[in-house]
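Have a look at model11.json below; it lists JSON, C-alpha atoms.
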[["chain", "number", "residue", "atom", "x", "y", "z"],
["A", 1, "MET", "CA", 129.81, 157.98, 134.90],
["A", 2, "LEU", "CA", 130.95, 157.99, 138.50],
["A", 3, "GLY", "CA", 129.96, 160.50, 141.11],
["A", 4, "ASP", "CA", 132.68, 162.00, 143.26],
["A", 5, "GLU", "CA", 131.48, 159.95, 146.24],
["A", 6, "PHE", "CA", 133.15, 156.97, 144.55],
["A", 7, "LEU", "CA", 136.55, 158.67, 144.35],
["A", 8, "PRO", "CA", 139.05, 156.30, 146.03],
["A", 9, "LYS", "CA", 140.77, 157.41, 149.21],
["A", 10, "GLY", "CA", 144.12, 159.06, 148.63],
["A", 11, "VAL", "CA", 143.23, 160.21, 145.11],
["A", 12, "ASP", "CA", 143.66, 163.94, 144.47],
["A", 13, "ALA", "CA", 140.13, 165.22, 143.90],
["A", 14, "GLY", "CA", 141.55, 168.42, 142.42],
["A", 15, "LYS", "CA", 143.45, 166.75, 139.59],
["A", 16, "ALA", "CA", 142.16, 164.89, 136.56],
["A", 17, "SER", "CA", 143.59, 161.43, 136.00],
["A", 18, "VAL", "CA", 145.24, 160.64, 132.68],
["A", 19, "ALA", "CA", 143.64, 157.17, 132.67],
["A", 20, "ARG", "CA", 140.18, 158.45, 133.56],
["A", 21, "MET", "CA", 140.35, 161.25, 130.97],
["A", 22, "TYR", "CA", 141.17, 158.67, 128.31],
["A", 23, "ASP", "CA", 138.24, 156.57, 129.50],
["A", 24, "ALA", "CA", 136.01, 159.62, 129.06],
["A", 25, "MET", "CA", 137.43, 160.25, 125.58],
["A", 26, "LEU", "CA", 136.42, 156.72, 124.59],
["A", 27, "GLY", "CA", 132.92, 157.13, 126.01],
["A", 28, "GLY", "CA", 133.57, 155.12, 129.15],
["A", 29, "GLU", "CA", 131.80, 155.50, 132.47],
["A", 30, "HIS", "CA", 134.69, 155.16, 134.94],
["A", 31, "ASN", "CA", 135.53, 158.83, 135.29],
["A", 32, "PHE", "CA", 134.69, 161.71, 137.59],
["A", 33, "ALA", "CA", 133.53, 165.30, 137.16],
["A", 34, "ILE", "CA", 137.12, 166.59, 137.41],
["A", 35, "ASP", "CA", 138.12, 164.32, 134.50],
["A", 36, "ARG", "CA", 135.16, 165.36, 132.35],
["A", 37, "GLU", "CA", 135.86, 169.04, 133.04],
["A", 38, "ALA", "CA", 139.48, 168.59, 131.93],
["A", 39, "LEU", "CA", 138.32, 166.73, 128.82],
["A", 40, "ALA", "CA", 135.93, 169.60, 128.01],
["A", 41, "ALA", "CA", 138.90, 171.98, 128.17],
["A", 42, "PHE", "CA", 140.89, 169.60, 125.93],
["A", 43, "THR", "CA", 137.99, 169.48, 123.46],
["A", 44, "ALA", "CA", 137.93, 173.28, 123.33],
["A", 45, "ILE", "CA", 141.58, 173.13, 122.22],
["A", 46, "ASP", "CA", 141.12, 170.21, 119.80],
["A", 47, "PRO", "CA", 137.49, 169.38, 118.92],
["A", 48, "GLN", "CA", 138.48, 166.05, 117.40],
["A", 49, "VAL", "CA", 140.15, 164.66, 120.53],
["A", 50, "ARG", "CA", 137.59, 161.85, 120.83],
["A", 51, "THR", "CA", 138.19, 160.88, 117.20],
["A", 52, "LEU", "CA", 141.92, 160.81, 117.86],
["A", 53, "ALA", "CA", 141.40, 158.62, 120.93],
["A", 54, "ARG", "CA", 139.32, 156.16, 118.91],
["A", 55, "ALA", "CA", 141.97, 156.08, 116.17],
["A", 56, "ASN", "CA", 144.61, 155.36, 118.78],
["A", 57, "ARG", "CA", 142.51, 152.55, 120.22],
["A", 58, "ALA", "CA", 141.98, 151.11, 116.75],
["A", 59, "PHE", "CA", 145.75, 151.10, 116.20],
["A", 60, "LEU", "CA", 146.23, 149.12, 119.43],
["A", 61, "GLN", "CA", 143.80, 146.48, 118.24],
["A", 62, "ARG", "CA", 145.39, 146.26, 114.77],
["A", 63, "ALA", "CA", 148.85, 146.02, 116.31],
["A", 64, "VAL", "CA", 147.79, 143.18, 118.61],
["A", 65, "ARG", "CA", 146.31, 141.25, 115.69],
["A", 66, "PHE", "CA", 149.50, 141.83, 113.69],
["A", 67, "LEU", "CA", 151.63, 140.60, 116.57],
["A", 68, "ILE", "CA", 149.50, 137.49, 117.00],
["A", 69, "GLU", "CA", 150.02, 136.74, 113.31],
["A", 70, "ALA", "CA", 153.75, 137.22, 113.88],
["A", 71, "GLY", "CA", 153.70, 134.50, 116.51],
["A", 72, "VAL", "CA", 153.46, 136.53, 119.71],
["A", 73, "ARG", "CA", 151.36, 135.03, 122.49],
["A", 74, "GLN", "CA", 152.54, 137.20, 125.39],
["A", 75, "PHE", "CA", 151.88, 140.91, 125.92],
["A", 76, "ILE", "CA", 152.86, 143.50, 128.52],
["A", 77, "ASP", "CA", 150.56, 146.51, 128.19],
["A", 78, "LEU", "CA", 152.12, 149.48, 129.99],
["A", 79, "GLY", "CA", 149.84, 152.31, 131.07],
["A", 80, "SER", "CA", 146.89, 150.14, 130.09],
["A", 81, "GLY", "CA", 144.27, 152.43, 131.59],
["A", 82, "ILE", "CA", 140.67, 151.63, 132.44],
["A", 83, "PRO", "CA", 139.15, 148.59, 130.70],
["A", 84, "THR", "CA", 136.85, 149.35, 127.81],
["A", 85, "GLN", "CA", 135.75, 147.41, 124.74],
["A", 86, "GLY", "CA", 138.41, 145.70, 122.67],
["A", 87, "ASN", "CA", 141.04, 145.28, 125.37],
["A", 88, "VAL", "CA", 144.33, 143.58, 124.51],
["A", 89, "HIS", "CA", 143.39, 140.25, 126.06],
["A", 90, "GLU", "CA", 140.02, 140.26, 124.31],
["A", 91, "VAL", "CA", 141.58, 140.87, 120.91],
["A", 92, "ALA", "CA", 144.50, 138.49, 121.43],
["A", 93, "GLN", "CA", 142.53, 135.64, 122.99],
["A", 94, "SER", "CA", 139.78, 135.84, 120.37],
["A", 95, "VAL", "CA", 142.42, 134.97, 117.77],
["A", 96, "ALA", "CA", 144.78, 132.86, 119.88],
["A", 97, "PRO", "CA", 143.09, 131.30, 122.95],
["A", 98, "GLY", "CA", 145.56, 131.09, 125.81],
["A", 99, "ALA", "CA", 147.45, 134.25, 124.83],
["A", 100, "ARG", "CA", 148.75, 135.86, 128.02],
["A", 101, "VAL", "CA", 148.48, 139.54, 128.90],
["A", 102, "VAL", "CA", 149.90, 141.56, 131.77],
["A", 103, "TYR", "CA", 148.35, 144.99, 132.17],
["A", 104, "VAL", "CA", 150.27, 147.64, 134.10],
["A", 105, "ASP", "CA", 148.88, 150.88, 135.53],
["A", 106, "ASN", "CA", 149.16, 152.94, 138.69],
["A", 107, "ASP", "CA", 145.76, 154.65, 138.62],
["A", 108, "PRO", "CA", 143.62, 153.21, 141.45],
["A", 109, "VAL", "CA", 140.42, 153.22, 139.37],
["A", 110, "ALA", "CA", 142.16, 151.54, 136.43],
["A", 111, "VAL", "CA", 143.68, 148.88, 138.68],
["A", 112, "ALA", "CA", 140.43, 148.17, 140.52],
["A", 113, "HIS", "CA", 138.31, 147.85, 137.40],
["A", 114, "SER", "CA", 140.96, 145.79, 135.62],
["A", 115, "ALA", "CA", 141.12, 143.38, 138.56],
["A", 116, "SER", "CA", 137.33, 143.04, 138.49],
["A", 117, "LEU", "CA", 137.26, 142.43, 134.74],
["A", 118, "LEU", "CA", 140.08, 139.89, 134.79],
["A", 119, "GLY", "CA", 138.99, 137.97, 137.88],
["A", 120, "GLY", "CA", 137.97, 134.85, 135.97],
["A", 121, "ASN", "CA", 140.71, 134.95, 133.36],
["A", 122, "PRO", "CA", 143.81, 132.89, 134.29],
["A", 123, "ASP", "CA", 145.78, 134.29, 131.33],
["A", 124, "ALA", "CA", 145.45, 137.99, 132.10],
["A", 125, "VAL", "CA", 146.36, 140.06, 135.15],
["A", 126, "ILE", "CA", 146.76, 143.67, 136.27],
["A", 127, "VAL", "CA", 149.93, 144.89, 138.01],
["A", 128, "ASP", "CA", 149.78, 148.05, 140.10],
["A", 129, "ALA", "CA", 153.08, 149.66, 139.15],
["A", 130, "ASP", "CA", 154.67, 152.73, 137.56],
["A", 131, "ILE", "CA", 156.31, 152.57, 134.13],
["A", 132, "ARG", "CA", 159.04, 154.86, 135.49],
["A", 133, "ARG", "CA", 160.34, 151.88, 137.50],
["A", 134, "PRO", "CA", 160.83, 149.13, 134.91],
["A", 135, "ALA", "CA", 162.73, 146.86, 137.31],
["A", 136, "ASP", "CA", 159.73, 146.74, 139.65],
["A", 137, "ILE", "CA", 157.49, 145.65, 136.78],
["A", 138, "LEU", "CA", 159.86, 143.11, 135.30],
["A", 139, "SER", "CA", 160.53, 141.48, 138.68],
["A", 140, "SER", "CA", 156.92, 141.47, 139.86],
["A", 141, "PRO", "CA", 155.51, 138.03, 140.75],
["A", 142, "GLN", "CA", 152.58, 138.49, 138.36],
["A", 143, "VAL", "CA", 154.88, 139.17, 135.42],
["A", 144, "ARG", "CA", 157.24, 136.34, 136.28],
["A", 145, "LYS", "CA", 154.33, 133.92, 136.66],
["A", 146, "LEU", "CA", 152.59, 134.78, 133.40],
["A", 147, "ILE", "CA", 155.38, 135.86, 131.01],
["A", 148, "ASP", "CA", 158.07, 133.48, 129.75],
["A", 149, "PHE", "CA", 160.95, 135.65, 128.56],
["A", 150, "ASP", "CA", 162.38, 132.73, 126.59],
["A", 151, "GLN", "CA", 159.39, 132.99, 124.24],
["A", 152, "PRO", "CA", 158.19, 135.89, 122.03],
["A", 153, "VAL", "CA", 156.94, 138.89, 124.03],
["A", 154, "ALA", "CA", 155.48, 142.21, 122.91],
["A", 155, "VAL", "CA", 155.63, 145.34, 125.04],
["A", 156, "LEU", "CA", 152.88, 147.86, 124.32],
["A", 157, "MET", "CA", 153.48, 151.53, 125.12],
["A", 158, "VAL", "CA", 150.39, 153.14, 123.65],
["A", 159, "THR", "CA", 149.91, 156.84, 124.55],
["A", 160, "ILE", "CA", 152.04, 156.50, 127.66],
["A", 161, "LEU", "CA", 155.55, 157.79, 126.87],
["A", 162, "HIS", "CA", 154.42, 161.37, 126.25],
["A", 163, "PHE", "CA", 153.52, 161.39, 129.95],
["A", 164, "ILE", "CA", 157.19, 160.79, 130.72],
["A", 165, "THR", "CA", 159.27, 163.97, 131.00],
["A", 166, "ALA", "CA", 162.73, 164.43, 129.53],
["A", 167, "GLU", "CA", 164.18, 164.26, 133.05],
["A", 168, "GLU", "CA", 162.52, 160.87, 133.54],
["A", 169, "ASP", "CA", 164.24, 159.68, 130.34],
["A", 170, "PRO", "CA", 161.70, 157.78, 128.22],
["A", 171, "ALA", "CA", 164.45, 156.26, 126.05],
["A", 172, "ASP", "CA", 166.04, 154.72, 129.12],
["A", 173, "ILE", "CA", 162.68, 153.26, 130.17],
["A", 174, "VAL", "CA", 162.18, 151.70, 126.73],
["A", 175, "ALA", "CA", 165.74, 150.36, 126.78],
["A", 176, "ALA", "CA", 165.13, 148.61, 130.12],
["A", 177, "PHE", "CA", 162.19, 146.71, 128.66],
["A", 178, "ARG", "CA", 164.01, 146.09, 125.37],
["A", 179, "ASP", "CA", 166.96, 144.53, 127.17],
["A", 180, "ALA", "CA", 164.62, 142.20, 129.06],
["A", 181, "LEU", "CA", 162.94, 140.98, 125.88],
["A", 182, "PRO", "CA", 163.98, 137.77, 124.14],
["A", 183, "ASP", "CA", 165.43, 137.82, 120.64],
["A", 184, "ASP", "CA", 161.88, 137.61, 119.30],
["A", 185, "GLY", "CA", 160.74, 140.67, 121.21],
["A", 186, "TRP", "CA", 158.49, 143.46, 119.96],
["A", 187, "LEU", "CA", 157.59, 147.05, 120.79],
["A", 188, "ALA", "CA", 154.39, 148.84, 119.78],
["A", 189, "LEU", "CA", 153.92, 152.48, 120.71],
["A", 190, "THR", "CA", 152.07, 155.66, 119.96],
["A", 191, "HIS", "CA", 153.26, 159.12, 120.97],
["A", 192, "ALA", "CA", 152.00, 162.69, 120.56],
["A", 193, "THR", "CA", 154.05, 164.95, 118.31],
["A", 194, "ASN", "CA", 154.66, 168.70, 118.53],
["A", 195, "GLU", "CA", 155.51, 169.10, 114.84],
["A", 196, "ASP", "CA", 152.15, 168.92, 113.03],
["A", 197, "ARG", "CA", 150.12, 171.21, 115.28],
["A", 198, "PRO", "CA", 152.62, 172.90, 117.60],
["A", 199, "ASP", "CA", 150.15, 175.41, 119.03],
["A", 200, "THR", "CA", 147.69, 172.64, 119.85],
["A", 201, "ALA", "CA", 150.42, 170.48, 121.41],
["A", 202, "ALA", "CA", 151.63, 173.40, 123.52],
["A", 203, "ALA", "CA", 148.12, 174.24, 124.73],
["A", 204, "VAL", "CA", 147.38, 170.60, 125.59],
["A", 205, "GLY", "CA", 150.71, 170.38, 127.40],
["A", 206, "GLN", "CA", 149.79, 173.39, 129.51],
["A", 207, "LEU", "CA", 146.36, 171.91, 130.23],
["A", 208, "TYR", "CA", 147.80, 168.65, 131.53],
["A", 209, "ARG", "CA", 150.43, 170.44, 133.60],
["A", 210, "SER", "CA", 147.82, 172.55, 135.34],
["A", 211, "ARG", "CA", 144.86, 170.18, 135.62],
["A", 212, "ALA", "CA", 146.02, 166.56, 135.39],
["A", 213, "THR", "CA", 148.14, 164.14, 137.37],
["A", 214, "SER", "CA", 150.82, 163.91, 134.66],
["A", 215, "PRO", "CA", 152.19, 166.48, 132.21],
["A", 216, "VAL", "CA", 152.30, 165.87, 128.46],
["A", 217, "THR", "CA", 155.60, 166.14, 126.62],
["A", 218, "ALA", "CA", 154.91, 166.01, 122.88],
["A", 219, "ARG", "CA", 158.01, 165.24, 120.82],
["A", 220, "SER", "CA", 159.30, 165.52, 117.27],
["A", 221, "ARG", "CA", 159.14, 162.57, 114.91],
["A", 222, "ALA", "CA", 162.93, 162.26, 115.14],
["A", 223, "GLU", "CA", 162.74, 162.11, 118.95],
["A", 224, "ILE", "CA", 159.98, 159.49, 118.82],
["A", 225, "LEU", "CA", 161.99, 157.46, 116.33],
["A", 226, "THR", "CA", 164.90, 157.23, 118.79],
["A", 227, "LEU", "CA", 162.59, 155.35, 121.17],
["A", 228, "PHE", "CA", 162.84, 152.47, 118.70],
["A", 229, "ASP", "CA", 166.62, 152.21, 119.10],
["A", 230, "GLY", "CA", 167.46, 148.52, 119.03],
["A", 231, "PHE", "CA", 164.29, 147.67, 117.10],
["A", 232, "ASP", "CA", 163.64, 147.34, 113.38],
["A", 233, "LEU", "CA", 160.40, 149.04, 112.42],
["A", 234, "VAL", "CA", 158.02, 147.00, 110.31],
["A", 235, "GLU", "CA", 156.23, 148.59, 107.37],
["A", 236, "PRO", "CA", 154.91, 151.23, 107.08],
["A", 237, "GLY", "CA", 157.37, 152.52, 109.69],
["A", 238, "LEU", "CA", 156.60, 155.40, 112.04],
["A", 239, "VAL", "CA", 153.45, 157.05, 110.66],
["A", 240, "HIS", "CA", 150.44, 159.03, 111.82],
["A", 241, "VAL", "CA", 148.24, 156.72, 113.80],
["A", 242, "PRO", "CA", 145.43, 156.14, 111.26],
["A", 243, "LEU", "CA", 147.98, 155.21, 108.57],
["A", 244, "TRP", "CA", 149.45, 152.21, 110.38],
["A", 245, "ARG", "CA", 148.10, 149.21, 108.44],
["A", 246, "PRO", "CA", 144.48, 150.40, 108.30],
["A", 247, "GLY", "CA", 141.81, 147.80, 107.71],
["A", 248, "PRO", "CA", 138.83, 148.03, 105.36],
["A", 249, "SER", "CA", 136.63, 149.54, 108.08],
["A", 250, "ASP", "CA", 139.20, 152.08, 109.30],
["A", 251, "THR", "CA", 138.83, 155.72, 108.35],
["A", 252, "ILE", "CA", 141.81, 157.26, 106.54],
["A", 253, "PRO", "CA", 141.63, 161.05, 106.91],
["A", 254, "ASP", "CA", 142.40, 163.42, 104.06],
["A", 255, "ASN", "CA", 144.98, 165.13, 106.24],
["A", 256, "PRO", "CA", 146.59, 162.51, 108.53],
["A", 257, "SER", "CA", 148.74, 165.13, 110.30],
["A", 258, "GLU", "CA", 145.55, 166.41, 111.94],
["A", 259, "TYR", "CA", 145.93, 163.24, 114.01],
["A", 260, "TRP", "CA", 148.99, 164.52, 115.84],
["A", 261, "VAL", "CA", 150.10, 161.13, 117.14],
["A", 262, "TYR", "CA", 152.68, 158.80, 115.59],
["A", 263, "ALA", "CA", 152.45, 155.02, 115.70],
["A", 264, "GLY", "CA", 154.90, 152.23, 115.01],
["A", 265, "VAL", "CA", 155.74, 148.59, 115.69],
["A", 266, "GLY", "CA", 159.29, 147.28, 115.83],
["A", 267, "ARG", "CA", 160.99, 143.92, 116.25],
["A", 268, "LYS", "CA", 164.03, 143.63, 118.50],
["A", 269, "ARG", "CA", 167.23, 143.75, 116.50],
["A", 270, "PRO", "CA", 169.37, 140.57, 116.84]]

Please render this file's structure as structure tokens.
Amino acid sequence: MLGDEFLPKGVDAGKASVARMYDAMLGGEHNFAIDREALAAFTAIDPQVRTLARANRAFLQRAVRFLIEAGVRQFIDLGSGIPTQGNVHEVAQSVAPGARVVYVDNDPVAVAHSASLLGGNPDAVIVDADIRRPADILSSPQVRKLIDFDQPVAVLMVTILHFITAEEDPADIVAAFRDALPDDGWLALTHATNEDRPDTAAAVGQLYRSRATSPVTARSRAEILTLFDGFDLVEPGLVHVPLWRPGPSDTIPDNPSEYWVYAGVGRKRP
């Protein structure tokens, strides 16, 4: 874990970072005291937050393997966060050497550590950009160099859209990426819901508003489903995160709604 003397210049020392909190949830070491304190407050609200984070990470890895099997060799991972074990390029390239991955994040620690990790990998790169400005991402030199939009591409939006407020219009952001995708384009996402545990979702929302760099806007299943407009969901559809195509080693909880995050993968509609 990092001491505050390593906090990059220009970073608000009084606010926890969404990316660094997630790193702490997964047991990573690239986080600061302010992030760990916010995570402790989150854990007091939901003691299984680390379990939920691991389930979300496991979904990402299953989705990437599914997409590789579907013929995808190019990935854009939005809000990719701080590198940890089982990153998208590691999963994809272990199955399909030469698979190309563009990571996108705007957290300075996430960008710096991603750049260090990817330094010797010609097929993976980090772009310092904000998901709220899709045009900047899609036109960036790194994306244009690595991603061929005439070939299958998957956009990954895993635990990122609930950090987009209603005013910032998450559906419009998804649509911008959807419209840039080729006919064989894919979307994988996870998103917190306010239906299963509304009191928990409300308390976590308040925590992020007061202590983190981005607020959380949990949404209903119906609202999350609209983010897939223009995509056809593959089986099993939009489900609680541990229920999306679990493997033999994945834990299936007795009460999946305790994992108050939905997951789905969709293929662009012709």

In terms of the shortest atom-to-atom distance over all atoms listed in the file, which of A:Ile252, A:Val104, A:Ala129, A:Ala53 is closest to Leu156 (chain A)?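 Ranked by minimum distance to Leu156 (chain A), first place goes to A:Val104.
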
Any idea what the distance is between CA of Gly230 (chain A) and CA of Pro141 (chain A)?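 Value for the CA of Gly230 (chain A)-CA of Pro141 (chain A) distance: 26.9 Å.
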
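Distances from A:Ser17, A:Thr43, A:Gln74, A:Gln48 to Leu181 (chain A) were compared using all atoms listed in the file, and the smallest one belongs to A:Gln74.
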
Between A:Asn87, A:Ala263, A:Ala166, A:Ser257, smallest distance to Pro236 (chain A) by only C-alpha atoms belongs to A:Ala263

Compare A:Ala44, A:Ala92, A:Met157, A:Ala201 by their minimum atom-to-atom distance to Ser80 (chain A), counting only C-alpha atoms, and give me the closest one. A:Met157

One decimal, in Å: what's the spacing between CA of His30 (chain A) and CA of Ala115 (chain A)?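 Interatomic distance, CA of His30 (chain A) to CA of Ala115 (chain A): 13.9 Å.
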
Quick one, how far is CA of Asp136 (chain A) from CA of Gly266 (chain A)?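 Spanning CA of Asp136 (chain A) to CA of Gly266 (chain A) is a straight-line distance of 23.8 Å.
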
Close residues, region 183-193 of chain A itself excluded, 7 Å, only C-alpha atoms, min 4 positions apart in chain, as a list of chain:residue names: A:Pro152, A:Val153, A:Ala154, A:Val155, A:Leu156, A:Met157, A:Val158, A:Thr159, A:Leu161, A:His162, A:Ala218, A:Arg219, A:Ser220, A:Arg221, A:Trp260, A:Val261, A:Tyr262, A:Ala263, A:Gly264, A:Val265, A:Gly266, A:Arg267, A:Lys268, A:Pro270

Residues near Leu39 (chain A), anyone? I mean within 12 Å using only C-alpha atoms, not counting same-chain ones fewer than 5 positions away, as a ChimeraX atom specification. /A:15-27,31-34,44-50,53,204,207-208,211-212

Among the residues A:Arg100, A:Leu78, A:Pro242, A:Glu90, the one that comes closest to Val127 (chain A) [using all atoms listed in the file]: A:Leu78

What's the 12 Å shell around Arg133 (chain A), counting all atoms listed in the file, without same-chain residues fewer than 3 positions away, as a list in words? Leu78, Val104, Asp105, Asn106, Asp128, Ala129, Asp130, Asp136, Ile137, Leu138, Ser139, Ser140, Ile164, Glu168, Asp169, Pro170, Asp172, Ile173, Val174, Ala176 and Phe177 of chain A

Which residue gives the smallest distance to Asp107 (chain A) among A:Ala38, A:Ile131, A:Ala202, A:Val88, with all atoms listed in the file counted? A:Ile131

Output file: region 143-168 of chain A, C-alpha atoms, as a PDB file, in the first residue's frame:
ATOM      1  CA  VAL A 143      -7.078   3.854 -30.290  1.00  0.00           C
ATOM      2  CA  ARG A 144      -6.765   4.523 -34.008  1.00  0.00           C
ATOM      3  CA  LYS A 145      -3.385   2.792 -34.115  1.00  0.00           C
ATOM      4  CA  LEU A 146      -4.406  -0.347 -32.249  1.00  0.00           C
ATOM      5  CA  ILE A 147      -8.116  -0.835 -33.040  1.00  0.00           C
ATOM      6  CA  ASP A 148      -9.407  -1.664 -36.527  1.00  0.00           C
ATOM      7  CA  PHE A 149     -13.079  -0.719 -36.562  1.00  0.00           C
ATOM      8  CA  ASP A 150     -13.635  -2.839 -39.664  1.00  0.00           C
ATOM      9  CA  GLN A 151     -13.017  -5.934 -37.526  1.00  0.00           C
ATOM     10  CA  PRO A 152     -14.870  -7.238 -34.433  1.00  0.00           C
ATOM     11  CA  VAL A 153     -14.465  -4.987 -31.381  1.00  0.00           C
ATOM     12  CA  ALA A 154     -15.767  -5.332 -27.832  1.00  0.00           C
ATOM     13  CA  VAL A 155     -16.307  -2.358 -25.538  1.00  0.00           C
ATOM     14  CA  LEU A 156     -16.112  -3.176 -21.835  1.00  0.00           C
ATOM     15  CA  MET A 157     -17.940  -0.945 -19.354  1.00  0.00           C
ATOM     16  CA  VAL A 158     -17.475  -2.860 -16.122  1.00  0.00           C
ATOM     17  CA  THR A 159     -18.535  -0.974 -12.961  1.00  0.00           C
ATOM     18  CA  ILE A 160     -18.119   2.384 -14.660  1.00  0.00           C
ATOM     19  CA  LEU A 161     -21.558   3.603 -15.783  1.00  0.00           C
ATOM     20  CA  HIS A 162     -22.942   3.905 -12.258  1.00  0.00           C
ATOM     21  CA  PHE A 163     -20.350   6.666 -11.811  1.00  0.00           C
ATOM     22  CA  ILE A 164     -22.106   8.584 -14.582  1.00  0.00           C
ATOM     23  CA  THR A 165     -24.958  10.794 -13.389  1.00  0.00           C
ATOM     24  CA  ALA A 166     -28.313  11.130 -15.111  1.00  0.00           C
ATOM     25  CA  GLU A 167     -27.304  14.614 -16.273  1.00  0.00           C
ATOM     26  CA  GLU A 168     -24.206  13.144 -17.926  1.00  0.00           C
TER      27      GLU A 168
END
